[in-house]
$ cat my_file04.cif   # mmCIF, N, CA and C atoms
data_my_file
#
loop_
_atom_site.label_atom_id
_atom_site.label_comp_id
_atom_site.auth_asym_id
_atom_site.auth_seq_id
_atom_site.Cartn_x
_atom_site.Cartn_y
_atom_site.Cartn_z
N MET A 537 135.48 91.16 116.79
CA MET A 537 136.02 91.50 115.49
C MET A 537 136.69 92.87 115.56
N THR A 538 137.57 93.10 114.65
CA THR A 538 138.25 94.38 114.53
C THR A 538 138.31 94.73 113.04
N ASP A 539 138.18 96.02 112.76
CA ASP A 539 138.17 96.48 111.37
C ASP A 539 139.04 97.73 111.28
N LEU A 540 139.37 98.11 110.06
CA LEU A 540 140.06 99.38 109.85
C LEU A 540 139.07 100.51 110.05
N ALA A 541 139.45 101.53 110.78
CA ALA A 541 138.56 102.66 111.07
C ALA A 541 138.48 103.60 109.88
N LEU A 542 137.29 104.12 109.68
CA LEU A 542 137.07 105.15 108.67
C LEU A 542 136.94 106.50 109.37
N ASP A 543 137.32 107.56 108.68
CA ASP A 543 137.17 108.91 109.21
C ASP A 543 135.69 109.26 109.18
N MET A 544 135.05 109.36 110.34
CA MET A 544 133.61 109.61 110.41
C MET A 544 133.30 111.07 110.74
N ASP A 545 134.32 111.94 110.72
CA ASP A 545 134.14 113.35 110.98
C ASP A 545 133.72 114.05 109.68
N LYS A 546 132.42 114.46 109.61
CA LYS A 546 131.89 115.05 108.38
C LYS A 546 132.59 116.34 107.97
N SER A 547 133.24 117.01 108.92
CA SER A 547 133.93 118.26 108.59
C SER A 547 135.35 118.00 108.09
N SER A 548 135.80 116.77 108.15
CA SER A 548 137.16 116.42 107.75
C SER A 548 137.26 116.30 106.23
N ALA A 549 138.40 116.68 105.69
CA ALA A 549 138.65 116.54 104.25
C ALA A 549 138.73 115.06 103.86
N GLY A 550 139.04 114.21 104.82
CA GLY A 550 139.16 112.78 104.55
C GLY A 550 137.95 111.98 104.96
N TYR A 551 136.80 112.65 105.10
CA TYR A 551 135.58 111.97 105.54
C TYR A 551 135.28 110.73 104.68
N GLY A 552 135.12 109.60 105.34
CA GLY A 552 134.82 108.35 104.65
C GLY A 552 136.05 107.57 104.22
N ASP A 553 137.22 108.20 104.31
CA ASP A 553 138.47 107.51 103.95
C ASP A 553 139.01 106.76 105.17
N LEU A 554 140.02 105.93 104.95
CA LEU A 554 140.66 105.26 106.07
C LEU A 554 141.23 106.30 107.03
N LEU A 555 141.08 106.05 108.31
CA LEU A 555 141.54 106.98 109.33
C LEU A 555 143.00 106.71 109.64
N LEU A 556 143.80 107.75 109.56
CA LEU A 556 145.23 107.67 109.88
C LEU A 556 145.52 108.58 111.06
N THR A 557 146.30 108.08 111.99
CA THR A 557 146.76 108.89 113.12
C THR A 557 148.27 108.78 113.16
N ASN A 558 148.94 109.91 113.00
CA ASN A 558 150.41 109.94 112.94
C ASN A 558 150.93 108.99 111.87
N GLY A 559 150.23 108.89 110.76
CA GLY A 559 150.65 108.05 109.65
C GLY A 559 150.32 106.58 109.80
N ASP A 560 149.67 106.20 110.89
CA ASP A 560 149.33 104.80 111.12
C ASP A 560 147.83 104.58 110.95
N LEU A 561 147.46 103.41 110.41
CA LEU A 561 146.06 103.03 110.32
C LEU A 561 145.50 102.83 111.73
N VAL A 562 144.24 103.16 111.89
CA VAL A 562 143.57 103.02 113.18
C VAL A 562 142.59 101.86 113.08
N LEU A 563 142.50 101.07 114.15
CA LEU A 563 141.57 99.96 114.20
C LEU A 563 140.35 100.34 115.02
N VAL A 564 139.21 99.72 114.71
CA VAL A 564 137.97 99.99 115.42
C VAL A 564 137.32 98.65 115.77
N ASN A 565 136.68 98.59 116.93
CA ASN A 565 135.96 97.37 117.31
C ASN A 565 134.79 97.74 118.22
N GLY A 566 134.03 96.75 118.61
CA GLY A 566 132.90 96.98 119.50
C GLY A 566 131.78 97.75 118.83
N GLU A 567 131.12 98.62 119.62
CA GLU A 567 129.98 99.40 119.12
C GLU A 567 130.37 100.29 117.95
N ALA A 568 131.55 100.88 118.01
CA ALA A 568 132.00 101.77 116.94
C ALA A 568 132.15 101.01 115.63
N GLU A 569 132.64 99.78 115.71
CA GLU A 569 132.78 98.97 114.49
C GLU A 569 131.41 98.62 113.90
N VAL A 570 130.48 98.22 114.76
CA VAL A 570 129.14 97.86 114.28
C VAL A 570 128.48 99.09 113.65
N ARG A 571 128.61 100.26 114.28
CA ARG A 571 128.05 101.50 113.73
C ARG A 571 128.66 101.80 112.36
N GLN A 572 129.96 101.60 112.24
CA GLN A 572 130.65 101.84 110.97
C GLN A 572 130.16 100.89 109.88
N VAL A 573 130.00 99.61 110.20
CA VAL A 573 129.53 98.63 109.22
C VAL A 573 128.09 98.92 108.82
N ILE A 574 127.26 99.36 109.76
CA ILE A 574 125.89 99.74 109.44
C ILE A 574 125.90 100.89 108.44
N LYS A 575 126.71 101.90 108.72
CA LYS A 575 126.80 103.06 107.81
C LYS A 575 127.25 102.63 106.43
N GLU A 576 128.23 101.73 106.36
CA GLU A 576 128.71 101.23 105.07
C GLU A 576 127.61 100.46 104.35
N THR A 577 126.90 99.61 105.08
CA THR A 577 125.83 98.79 104.50
C THR A 577 124.73 99.66 103.92
N LEU A 578 124.31 100.68 104.67
CA LEU A 578 123.24 101.56 104.20
C LEU A 578 123.70 102.50 103.08
N GLY A 579 125.00 102.67 102.95
CA GLY A 579 125.53 103.60 101.96
C GLY A 579 125.83 102.99 100.60
N VAL A 580 125.75 101.67 100.48
CA VAL A 580 126.07 101.03 99.20
C VAL A 580 124.81 100.97 98.34
N MET A 581 124.89 101.60 97.19
CA MET A 581 123.78 101.56 96.23
C MET A 581 123.80 100.22 95.49
N PHE A 582 122.63 99.71 95.17
CA PHE A 582 122.52 98.45 94.45
C PHE A 582 123.29 98.54 93.14
N GLY A 583 124.14 97.55 92.89
CA GLY A 583 124.91 97.50 91.65
C GLY A 583 126.15 98.37 91.63
N GLU A 584 126.45 99.05 92.72
CA GLU A 584 127.56 100.00 92.77
C GLU A 584 128.93 99.32 92.81
N TRP A 585 129.04 98.21 93.52
CA TRP A 585 130.35 97.60 93.70
C TRP A 585 130.66 96.67 92.53
N PHE A 586 131.75 96.93 91.83
CA PHE A 586 132.09 96.18 90.62
C PHE A 586 132.40 94.71 90.89
N MET A 587 132.78 94.36 92.12
CA MET A 587 133.11 92.96 92.43
C MET A 587 131.86 92.10 92.61
N ASP A 588 130.75 92.74 92.98
CA ASP A 588 129.49 92.01 93.16
C ASP A 588 128.34 93.01 92.99
N ASN A 589 127.81 93.11 91.78
CA ASN A 589 126.77 94.11 91.51
C ASN A 589 125.39 93.68 91.99
N THR A 590 125.32 92.62 92.80
CA THR A 590 124.03 92.19 93.36
C THR A 590 123.84 92.68 94.79
N ILE A 591 124.87 93.32 95.37
CA ILE A 591 124.71 93.81 96.73
C ILE A 591 124.34 95.29 96.72
N GLY A 592 123.86 95.76 97.84
CA GLY A 592 123.50 97.16 97.99
C GLY A 592 122.00 97.35 98.07
N ILE A 593 121.60 98.55 98.38
CA ILE A 593 120.19 98.90 98.51
C ILE A 593 119.76 99.63 97.24
N ASP A 594 118.64 99.21 96.69
CA ASP A 594 118.12 99.78 95.45
C ASP A 594 117.34 101.07 95.77
N TYR A 595 118.08 102.12 96.14
CA TYR A 595 117.45 103.39 96.51
C TYR A 595 116.64 103.98 95.36
N PHE A 596 117.20 104.01 94.17
CA PHE A 596 116.53 104.66 93.05
C PHE A 596 115.44 103.80 92.42
N GLY A 597 115.49 102.50 92.62
CA GLY A 597 114.47 101.62 92.05
C GLY A 597 113.36 101.26 93.02
N GLN A 598 113.62 101.31 94.33
CA GLN A 598 112.65 100.86 95.32
C GLN A 598 112.25 101.92 96.34
N ILE A 599 113.12 102.86 96.63
CA ILE A 599 112.87 103.79 97.75
C ILE A 599 112.54 105.19 97.27
N LEU A 600 113.40 105.78 96.47
CA LEU A 600 113.18 107.15 96.00
C LEU A 600 112.41 107.13 94.68
N VAL A 601 111.19 106.61 94.74
CA VAL A 601 110.36 106.44 93.56
C VAL A 601 109.02 107.15 93.76
N LYS A 602 108.30 107.33 92.66
CA LYS A 602 106.95 107.89 92.72
C LYS A 602 106.02 106.86 93.34
N ASN A 603 105.16 107.29 94.25
CA ASN A 603 104.21 106.42 94.95
C ASN A 603 104.90 105.22 95.62
N PRO A 604 105.83 105.50 96.54
CA PRO A 604 106.59 104.42 97.18
C PRO A 604 105.71 103.58 98.12
N ASN A 605 106.11 102.34 98.29
CA ASN A 605 105.46 101.43 99.21
C ASN A 605 106.25 101.50 100.53
N MET A 606 105.72 102.22 101.52
CA MET A 606 106.45 102.46 102.76
C MET A 606 106.74 101.16 103.51
N GLY A 607 105.83 100.20 103.46
CA GLY A 607 106.08 98.93 104.12
C GLY A 607 107.28 98.22 103.53
N LYS A 608 107.37 98.25 102.21
CA LYS A 608 108.48 97.62 101.51
C LYS A 608 109.79 98.34 101.82
N ILE A 609 109.73 99.66 101.84
CA ILE A 609 110.92 100.46 102.14
C ILE A 609 111.44 100.14 103.54
N ASN A 610 110.54 100.14 104.51
CA ASN A 610 110.95 99.83 105.88
C ASN A 610 111.54 98.43 105.97
N ALA A 611 110.95 97.48 105.27
CA ALA A 611 111.47 96.11 105.27
C ALA A 611 112.87 96.04 104.68
N ILE A 612 113.12 96.79 103.60
CA ILE A 612 114.43 96.80 102.96
C ILE A 612 115.49 97.35 103.91
N ILE A 613 115.19 98.50 104.53
CA ILE A 613 116.15 99.14 105.43
C ILE A 613 116.40 98.27 106.66
N LEU A 614 115.32 97.79 107.29
CA LEU A 614 115.48 96.97 108.49
C LEU A 614 116.22 95.67 108.18
N SER A 615 115.94 95.07 107.05
CA SER A 615 116.63 93.84 106.66
C SER A 615 118.13 94.09 106.47
N ALA A 616 118.47 95.23 105.87
CA ALA A 616 119.88 95.57 105.66
C ALA A 616 120.59 95.75 107.00
N VAL A 617 119.95 96.44 107.93
CA VAL A 617 120.56 96.67 109.25
C VAL A 617 120.71 95.35 109.99
N LEU A 618 119.68 94.52 109.97
CA LEU A 618 119.72 93.25 110.68
C LEU A 618 120.71 92.25 110.05
N SER A 619 121.12 92.50 108.81
CA SER A 619 122.09 91.61 108.16
C SER A 619 123.52 91.90 108.60
N VAL A 620 123.73 93.01 109.31
CA VAL A 620 125.07 93.37 109.76
C VAL A 620 125.48 92.44 110.90
N PRO A 621 126.65 91.82 110.80
CA PRO A 621 127.11 90.94 111.88
C PRO A 621 127.16 91.69 113.22
N GLY A 622 126.59 91.09 114.23
CA GLY A 622 126.58 91.69 115.56
C GLY A 622 125.29 92.39 115.92
N VAL A 623 124.45 92.72 114.94
CA VAL A 623 123.17 93.36 115.23
C VAL A 623 122.17 92.27 115.61
N LEU A 624 121.59 92.41 116.81
CA LEU A 624 120.65 91.41 117.32
C LEU A 624 119.20 91.79 117.06
N GLN A 625 118.87 93.07 117.31
CA GLN A 625 117.50 93.53 117.09
C GLN A 625 117.46 95.05 117.00
N ILE A 626 116.39 95.55 116.40
CA ILE A 626 116.15 96.98 116.30
C ILE A 626 115.24 97.37 117.45
N LEU A 627 115.66 98.32 118.28
CA LEU A 627 114.88 98.75 119.43
C LEU A 627 113.93 99.89 119.09
N SER A 628 114.37 100.80 118.22
CA SER A 628 113.52 101.89 117.74
C SER A 628 113.96 102.23 116.32
N TYR A 629 113.03 102.81 115.53
CA TYR A 629 113.33 103.04 114.11
C TYR A 629 112.47 104.17 113.58
N SER A 630 113.08 105.04 112.76
CA SER A 630 112.37 106.13 112.10
C SER A 630 112.95 106.31 110.70
N PHE A 631 112.06 106.45 109.73
CA PHE A 631 112.46 106.67 108.33
C PHE A 631 111.68 107.87 107.83
N VAL A 632 112.40 108.93 107.42
CA VAL A 632 111.74 110.15 106.94
C VAL A 632 112.29 110.47 105.55
N PRO A 633 111.45 110.33 104.52
CA PRO A 633 111.90 110.63 103.16
C PRO A 633 111.72 112.11 102.81
N ASP A 634 112.62 112.63 101.98
CA ASP A 634 112.49 113.96 101.39
C ASP A 634 112.58 113.73 99.89
N TYR A 635 111.41 113.53 99.26
CA TYR A 635 111.40 113.15 97.85
C TYR A 635 111.80 114.29 96.92
N VAL A 636 111.63 115.53 97.34
CA VAL A 636 112.04 116.66 96.51
C VAL A 636 113.56 116.69 96.40
N ALA A 637 114.24 116.53 97.53
CA ALA A 637 115.70 116.55 97.53
C ALA A 637 116.29 115.18 97.22
N ARG A 638 115.43 114.15 97.11
CA ARG A 638 115.85 112.77 96.87
C ARG A 638 116.85 112.31 97.92
N ARG A 639 116.44 112.55 99.19
CA ARG A 639 117.25 112.16 100.34
C ARG A 639 116.34 111.48 101.35
N ILE A 640 116.93 110.68 102.21
CA ILE A 640 116.17 110.08 103.29
C ILE A 640 116.94 110.26 104.59
N SER A 641 116.21 110.24 105.68
CA SER A 641 116.81 110.30 107.00
C SER A 641 116.40 109.04 107.75
N ILE A 642 117.37 108.29 108.21
CA ILE A 642 117.12 107.06 108.95
C ILE A 642 117.71 107.22 110.34
N THR A 643 116.91 106.94 111.34
CA THR A 643 117.35 106.98 112.72
C THR A 643 116.89 105.71 113.40
N PHE A 644 117.78 105.06 114.12
CA PHE A 644 117.36 103.86 114.86
C PHE A 644 118.32 103.58 116.00
N THR A 645 117.85 102.75 116.90
CA THR A 645 118.65 102.23 117.99
C THR A 645 118.65 100.72 117.84
N ALA A 646 119.82 100.10 117.89
CA ALA A 646 119.93 98.66 117.71
C ALA A 646 120.67 98.02 118.87
N GLN A 647 120.18 96.89 119.29
CA GLN A 647 120.90 96.09 120.28
C GLN A 647 121.90 95.23 119.52
N THR A 648 123.15 95.29 119.92
CA THR A 648 124.20 94.52 119.27
C THR A 648 124.92 93.64 120.30
N THR A 649 125.78 92.79 119.82
CA THR A 649 126.56 91.96 120.72
C THR A 649 127.55 92.79 121.53
N SER A 650 127.81 94.02 121.10
CA SER A 650 128.74 94.91 121.80
C SER A 650 128.03 95.96 122.64
N GLY A 651 126.71 95.99 122.61
CA GLY A 651 125.94 97.00 123.36
C GLY A 651 124.92 97.65 122.45
N VAL A 652 124.42 98.79 122.88
CA VAL A 652 123.40 99.51 122.12
C VAL A 652 124.08 100.53 121.19
N VAL A 653 123.66 100.53 119.92
CA VAL A 653 124.19 101.45 118.93
C VAL A 653 123.07 102.38 118.49
N VAL A 654 123.34 103.68 118.54
CA VAL A 654 122.39 104.69 118.05
C VAL A 654 122.92 105.19 116.71
N TYR A 655 122.04 105.21 115.71
CA TYR A 655 122.45 105.61 114.36
C TYR A 655 121.51 106.69 113.85
N SER A 656 122.09 107.70 113.23
CA SER A 656 121.30 108.73 112.57
C SER A 656 122.05 109.13 111.32
N GLY A 657 121.39 109.04 110.19
CA GLY A 657 122.09 109.40 108.95
C GLY A 657 121.14 109.45 107.78
#

$ encode --input "my_file04.cif" --output "structure tokens"
Amino acid sequence: MTDLALDMDKSSAGYGDLLLTNGDLVLVNGEAEVRQVIKETLGVMFGEWFMDNTIGIDYFGQILVKNPNMGKINAIILSAVLSVPGVLQILSYSFVPDYVARRISITFTAQTTSGVVVYSG
């Protein structure tokens, strides 16, 4: 598969936007494409997309809540990652919540059809 590349440079003014090089769209495939789709999948909040408000992860209703169920949270995140086309299995996984800042840190290594993808975000 091939997809349009997103600017993944956090210091860039266009971070998260379509990547342009010399005015042309850039394509991405292989491990980089799978990593990009994983990032997109984990970044969509439940109900956020107007075309289908049933997709996304319910961060505020299921994850960043008082007295969270860690087993349920891990299942939600792992299920989302495993739903990405090309992801075969999770080799390692870490989930660290920061409830004061209402942020989470997810790190994992996944075996994909294109090779091994390491993700931290």

$ resolve_selection --input "my_file04.cif" --expression "the PyMOL selection byres ((chain A and resi 643) around 6)" --output "tab-separated table (two decimals) with N, CA and C atoms, keeping the file's coordinate frame"
chain	number	residue	atom	x	y	z
A	628	SER	N	114.37	100.80	118.22
A	628	SER	CA	113.52	101.89	117.74
A	628	SER	C	113.96	102.23	116.32
A	629	TYR	N	113.03	102.81	115.53
A	629	TYR	CA	113.33	103.04	114.11
A	629	TYR	C	112.47	104.17	113.58
A	630	SER	N	113.08	105.04	112.76
A	630	SER	CA	112.37	106.13	112.10
A	630	SER	C	112.95	106.31	110.70
A	631	PHE	N	112.06	106.45	109.73
A	631	PHE	CA	112.46	106.67	108.33
A	631	PHE	C	111.68	107.87	107.83
A	641	SER	N	116.21	110.24	105.68
A	641	SER	CA	116.81	110.30	107.00
A	641	SER	C	116.40	109.04	107.75
A	642	ILE	N	117.37	108.29	108.21
A	642	ILE	CA	117.12	107.06	108.95
A	642	ILE	C	117.71	107.22	110.34
A	644	PHE	N	117.78	105.06	114.12
A	644	PHE	CA	117.36	103.86	114.86
A	644	PHE	C	118.32	103.58	116.00
A	645	THR	N	117.85	102.75	116.90
A	645	THR	CA	118.65	102.23	117.99
A	645	THR	C	118.65	100.72	117.84
A	655	TYR	N	122.04	105.21	115.71
A	655	TYR	CA	122.45	105.61	114.36
A	655	TYR	C	121.51	106.69	113.85
A	656	SER	N	122.09	107.70	113.23
A	656	SER	CA	121.30	108.73	112.57
A	656	SER	C	122.05	109.13	111.32
A	657	GLY	N	121.39	109.04	110.19
A	657	GLY	CA	122.09	109.40	108.95
A	657	GLY	C	121.14	109.45	107.78

$ residues_around --input "my_file04.cif" --residues "region 590-603 of chain A" --least-positions-apart "4" --cutoff "6 Å" --atoms "all atoms listed in the file" --output "MDAnalysis selection string"
chainID A and resid 580:584 609

$ resolve_selection --input "my_file04.cif" --expression "the PyMOL selection byres ((chain A and resi 626) around 8)" --output "list in words"
Leu614, Val617, Leu618, Val623, Leu624, Gln625, Leu627, Ser628, Tyr629, Phe644, Thr645, Ala646, Gln647 and Thr648 of chain A

$ resolve_selection --input "my_file04.cif" --expression "the PyMOL selection byres (((chain A and resi 545-553 and name CA) around 12) and name CA)" --output "ChimeraX atom specification"
/A:540-544,554-556,561-562,572-573,575-576,579,657

$ write_last_selection --input "my_file04.cif" --atoms "N, CA and C atoms" --output "mmCIF file, in the frame of the given file"
data_model
loop_
_atom_site.group_PDB
_atom_site.id
_atom_site.type_symbol
_atom_site.label_atom_id
_atom_site.label_comp_id
_atom_site.auth_asym_id
_atom_site.auth_seq_id
_atom_site.Cartn_x
_atom_site.Cartn_y
_atom_site.Cartn_z
ATOM 1 N N LEU A 540 139.370 98.110 110.060
ATOM 2 C CA LEU A 540 140.060 99.380 109.850
ATOM 3 C C LEU A 540 139.070 100.510 110.050
ATOM 4 N N ALA A 541 139.450 101.530 110.780
ATOM 5 C CA ALA A 541 138.560 102.660 111.070
ATOM 6 C C ALA A 541 138.480 103.600 109.880
ATOM 7 N N LEU A 542 137.290 104.120 109.680
ATOM 8 C CA LEU A 542 137.070 105.150 108.670
ATOM 9 C C LEU A 542 136.940 106.500 109.370
ATOM 10 N N ASP A 543 137.320 107.560 108.680
ATOM 11 C CA ASP A 543 137.170 108.910 109.210
ATOM 12 C C ASP A 543 135.690 109.260 109.180
ATOM 13 N N MET A 544 135.050 109.360 110.340
ATOM 14 C CA MET A 544 133.610 109.610 110.410
ATOM 15 C C MET A 544 133.300 111.070 110.740
ATOM 16 N N LEU A 554 140.020 105.930 104.950
ATOM 17 C CA LEU A 554 140.660 105.260 106.070
ATOM 18 C C LEU A 554 141.230 106.300 107.030
ATOM 19 N N LEU A 555 141.080 106.050 108.310
ATOM 20 C CA LEU A 555 141.540 106.980 109.330
ATOM 21 C C LEU A 555 143.000 106.710 109.640
ATOM 22 N N LEU A 556 143.800 107.750 109.560
ATOM 23 C CA LEU A 556 145.230 107.670 109.880
ATOM 24 C C LEU A 556 145.520 108.580 111.060
ATOM 25 N N LEU A 561 147.460 103.410 110.410
ATOM 26 C CA LEU A 561 146.060 103.030 110.320
ATOM 27 C C LEU A 561 145.500 102.830 111.730
ATOM 28 N N VAL A 562 144.240 103.160 111.890
ATOM 29 C CA VAL A 562 143.570 103.020 113.180
ATOM 30 C C VAL A 562 142.590 101.860 113.080
ATOM 31 N N GLN A 572 129.960 101.600 112.240
ATOM 32 C CA GLN A 572 130.650 101.840 110.970
ATOM 33 C C GLN A 572 130.160 100.890 109.880
ATOM 34 N N VAL A 573 130.000 99.610 110.200
ATOM 35 C CA VAL A 573 129.530 98.630 109.220
ATOM 36 C C VAL A 573 128.090 98.920 108.820
ATOM 37 N N LYS A 575 126.710 101.900 108.720
ATOM 38 C CA LYS A 575 126.800 103.060 107.810
ATOM 39 C C LYS A 575 127.250 102.630 106.430
ATOM 40 N N GLU A 576 128.230 101.730 106.360
ATOM 41 C CA GLU A 576 128.710 101.230 105.070
ATOM 42 C C GLU A 576 127.610 100.460 104.350
ATOM 43 N N GLY A 579 125.000 102.670 102.950
ATOM 44 C CA GLY A 579 125.530 103.600 101.960
ATOM 45 C C GLY A 579 125.830 102.990 100.600
ATOM 46 N N GLY A 657 121.390 109.040 110.190
ATOM 47 C CA GLY A 657 122.090 109.400 108.950
ATOM 48 C C GLY A 657 121.140 109.450 107.780
#

$ atom_distance --input "my_file04.cif" --atom1 "CA of Val652 (chain A)" --atom2 "atom C of Ile613 (chain A)"
17.0 Å

$ select_by_dssp --input "my_file04.cif" --residues "region 544-641 of chain A" --states "helix (DSSP H, G or I)" --output "PyMOL selection string"
chain A and resi 566-579+595-599+606-618

$ atom_distance --input "my_file04.cif" --atom1 "CA of Gly622 (chain A)" --atom2 "CA of Ile574 (chain A)"
10.1 Å
